[in-house]
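To keep things clear, I will list the structure first and then write my remarks on it.
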Amino acid sequence: MTPLDAHEKSMDIVTVDVTEDEIKKQAEIIASWKNSYETYIWLLAEMELRLAQAFVTKLDASGGHHIKIDRSKIVERPAEEAIRQRAKALAAHLMHVQDIHWFLAERQVIFNKVLGR
């Protein structure tokens, strides 16, 4: 075991494999909810805050993801004010709703896999 391996183990690091197909399927489910743009922005902000400090490796734009997450840094319930601020910042980007569905789906799949859901 290398020093890096020992360090990661002490941090409760898990590797999550996420496929483009899993994200697409979840994005389709999210799109079927028919929520308002503001609601989707809020949900994305909340999910980003749950995972933001937990990423050991970053998300990339490729179809397959092998992501390392520190479970000890996941925030189950971010503060409402933090969500509000993040949602405001996200809304300023004027993203297409389909992109929001995708980003939310990506984070939900990761979150659910890390927590074994």
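Here's how to read the names in the structure tokens: chain A, B, ... by the order shown, residue numbers from 1 in each chain, ligand numbers from 1 in the order shown.
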
Checklist entry - as an MDAnalysis selection string, which residues of chain A does DSSP assign to helix (DSSP H, G or I)? => result chainID A and resid 3:10 20:32 37:51 71:73 80:91 97:114

Each residue of segment 37-73 of chain A with at least one atom at most 9 Å from segment 98-112 of chain A should appear once, together with its nearest atom pair and the corresponding distance in Å (one decimal); atoms considered: only C-alpha atoms; ordering: chain, then increasing residue number; output as a tab-separated table.
```
residue	atom	partner	partner_atom	distance
A:Tyr37	CA	A:Ile100	CA	8.8
A:Tyr40	CA	A:Ile100	CA	6.8
A:Ile41	CA	A:Ile100	CA	7.1
A:Leu43	CA	A:Leu104	CA	7.3
A:Leu44	CA	A:Leu104	CA	5.1
A:Ala45	CA	A:Leu104	CA	8.7
A:Met47	CA	A:Arg107	CA	6.5
A:Glu48	CA	A:Arg107	CA	7.1
A:Arg50	CA	A:Phe111	CA	8.2
A:Leu51	CA	A:Phe111	CA	7.3
A:Ile67	CA	A:Ile110	CA	8.3
A:Ile69	CA	A:Ile110	CA	8.8
```

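Between atom CA of Thr19 of chain A and atom CA of Thr39 of chain A there is a distance of 25.5 Å.
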
Item to check | Per-residue DSSP, chain A, filtered to strand (DSSP E or B), as a ChimeraX atom specification | outcome: /A:13-18,55,65-70

Checklist outcome for this item: Separating atom CA of Arg117 of chain A from atom CA of Arg71 of chain A, to the nearest tenth of an Å, is a gap of 13.7 Å

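The nearest approach to Glu22 of chain A among the residues A:Gly116, A:Val56, A:Leu94, A:His65, with only C-alpha atoms taken into account, belongs to A:His65.
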
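Closest approach to Val75 of chain A among A:Gln53, A:Gln26, A:Ser32, A:Thr15: A:Gln53, based on only C-alpha atoms.
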
Checklist entry - Val14 of chain A: which residues within 12 Å, counting only C-alpha atoms, same-chain residues fewer than 3 positions away excluded, as a ChimeraX atom specification? => result /A:5,8-11,17,54-57,66-74,110-111,113-116

Just the selected residues (N, CA and C atoms), exported as an mmCIF file, in the first residue's frame, please.
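Heads up, here's the output in again_5.cif:
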```
data_model
loop_
_atom_site.group_PDB
_atom_site.id
_atom_site.type_symbol
_atom_site.label_atom_id
_atom_site.label_comp_id
_atom_site.auth_asym_id
_atom_site.auth_seq_id
_atom_site.Cartn_x
_atom_site.Cartn_y
_atom_site.Cartn_z
ATOM 1 N N ASP A 5 -2.411 5.647 -1.107
ATOM 2 C CA ASP A 5 -3.489 4.692 -0.841
ATOM 3 C C ASP A 5 -3.920 4.750 0.620
ATOM 4 N N GLU A 8 -5.916 7.961 1.197
ATOM 5 C CA GLU A 8 -7.266 7.867 0.650
ATOM 6 C C GLU A 8 -8.144 6.966 1.510
ATOM 7 N N LYS A 9 -7.596 5.879 2.002
ATOM 8 C CA LYS A 9 -8.380 4.960 2.827
ATOM 9 C C LYS A 9 -8.840 5.643 4.111
ATOM 10 N N SER A 10 -7.974 6.458 4.699
ATOM 11 C CA SER A 10 -8.336 7.150 5.937
ATOM 12 C C SER A 10 -9.402 8.210 5.706
ATOM 13 N N MET A 11 -9.575 8.641 4.455
ATOM 14 C CA MET A 11 -10.553 9.675 4.137
ATOM 15 C C MET A 11 -11.905 9.093 3.724
ATOM 16 N N ASP A 17 -18.154 4.415 -10.598
ATOM 17 C CA ASP A 17 -18.165 4.334 -12.056
ATOM 18 C C ASP A 17 -19.545 4.744 -12.545
ATOM 19 N N ALA A 54 -16.727 16.841 -1.658
ATOM 20 C CA ALA A 54 -16.426 15.407 -1.617
ATOM 21 C C ALA A 54 -15.634 14.903 -2.817
ATOM 22 N N PHE A 55 -15.598 15.677 -3.904
ATOM 23 C CA PHE A 55 -14.882 15.213 -5.090
ATOM 24 C C PHE A 55 -13.385 15.162 -4.833
ATOM 25 N N VAL A 56 -12.796 13.989 -5.050
ATOM 26 C CA VAL A 56 -11.347 13.835 -5.000
ATOM 27 C C VAL A 56 -10.812 13.994 -6.422
ATOM 28 N N THR A 57 -11.547 13.430 -7.389
ATOM 29 C CA THR A 57 -11.258 13.655 -8.805
ATOM 30 C C THR A 57 -12.418 14.435 -9.390
ATOM 31 N N HIS A 66 -14.948 7.721 -13.972
ATOM 32 C CA HIS A 66 -14.429 6.981 -12.830
ATOM 33 C C HIS A 66 -14.076 8.062 -11.817
ATOM 34 N N ILE A 67 -14.938 8.267 -10.875
ATOM 35 C CA ILE A 67 -14.835 9.405 -9.979
ATOM 36 C C ILE A 67 -14.540 8.928 -8.570
ATOM 37 N N LYS A 68 -13.594 9.583 -7.936
ATOM 38 C CA LYS A 68 -13.294 9.286 -6.538
ATOM 39 C C LYS A 68 -13.992 10.325 -5.676
ATOM 40 N N ILE A 69 -14.678 9.815 -4.654
ATOM 41 C CA ILE A 69 -15.457 10.654 -3.743
ATOM 42 C C ILE A 69 -15.046 10.331 -2.312
ATOM 43 N N ASP A 70 -14.898 11.366 -1.516
ATOM 44 C CA ASP A 70 -14.661 11.197 -0.079
ATOM 45 C C ASP A 70 -16.023 11.257 0.609
ATOM 46 N N ARG A 71 -16.519 10.085 0.982
ATOM 47 C CA ARG A 71 -17.857 10.013 1.592
ATOM 48 C C ARG A 71 -17.985 10.868 2.844
ATOM 49 N N SER A 72 -16.895 11.043 3.559
ATOM 50 C CA SER A 72 -16.958 11.814 4.804
ATOM 51 C C SER A 72 -17.221 13.298 4.561
ATOM 52 N N LYS A 73 -17.086 13.743 3.312
ATOM 53 C CA LYS A 73 -17.286 15.162 3.003
ATOM 54 C C LYS A 73 -18.607 15.451 2.299
ATOM 55 N N ILE A 74 -19.444 14.433 2.159
ATOM 56 C CA ILE A 74 -20.765 14.654 1.570
ATOM 57 C C ILE A 74 -21.629 15.398 2.582
ATOM 58 N N ILE A 110 -24.180 9.852 -9.141
ATOM 59 C CA ILE A 110 -22.987 9.748 -8.290
ATOM 60 C C ILE A 110 -23.392 9.664 -6.826
ATOM 61 N N PHE A 111 -24.238 10.583 -6.391
ATOM 62 C CA PHE A 111 -24.683 10.651 -4.997
ATOM 63 C C PHE A 111 -25.329 9.332 -4.576
ATOM 64 N N LYS A 113 -25.048 6.333 -5.916
ATOM 65 C CA LYS A 113 -24.092 5.218 -5.903
ATOM 66 C C LYS A 113 -23.192 5.279 -4.675
ATOM 67 N N VAL A 114 -22.747 6.465 -4.333
ATOM 68 C CA VAL A 114 -21.876 6.608 -3.162
ATOM 69 C C VAL A 114 -22.607 6.169 -1.900
ATOM 70 N N LEU A 115 -23.893 6.500 -1.811
ATOM 71 C CA LEU A 115 -24.670 6.148 -0.623
ATOM 72 C C LEU A 115 -25.324 4.773 -0.732
ATOM 73 N N GLY A 116 -25.077 4.074 -1.844
ATOM 74 C CA GLY A 116 -25.611 2.726 -2.011
ATOM 75 C C GLY A 116 -27.103 2.684 -2.226
#
```

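Computed from the coordinates, the atom CA of Ala79 of chain A to atom CA of Leu49 of chain A distance equals 9.0 Å.
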
Item to check | Surrounding residues of segment 84-88 of chain A excluding itself and chain neighbours under 2 positions, 7 Å, only C-alpha atoms, as JSON, numbers by chain | outcome: {"A": [41, 42, 45, 80, 81, 82, 90, 91, 92]}
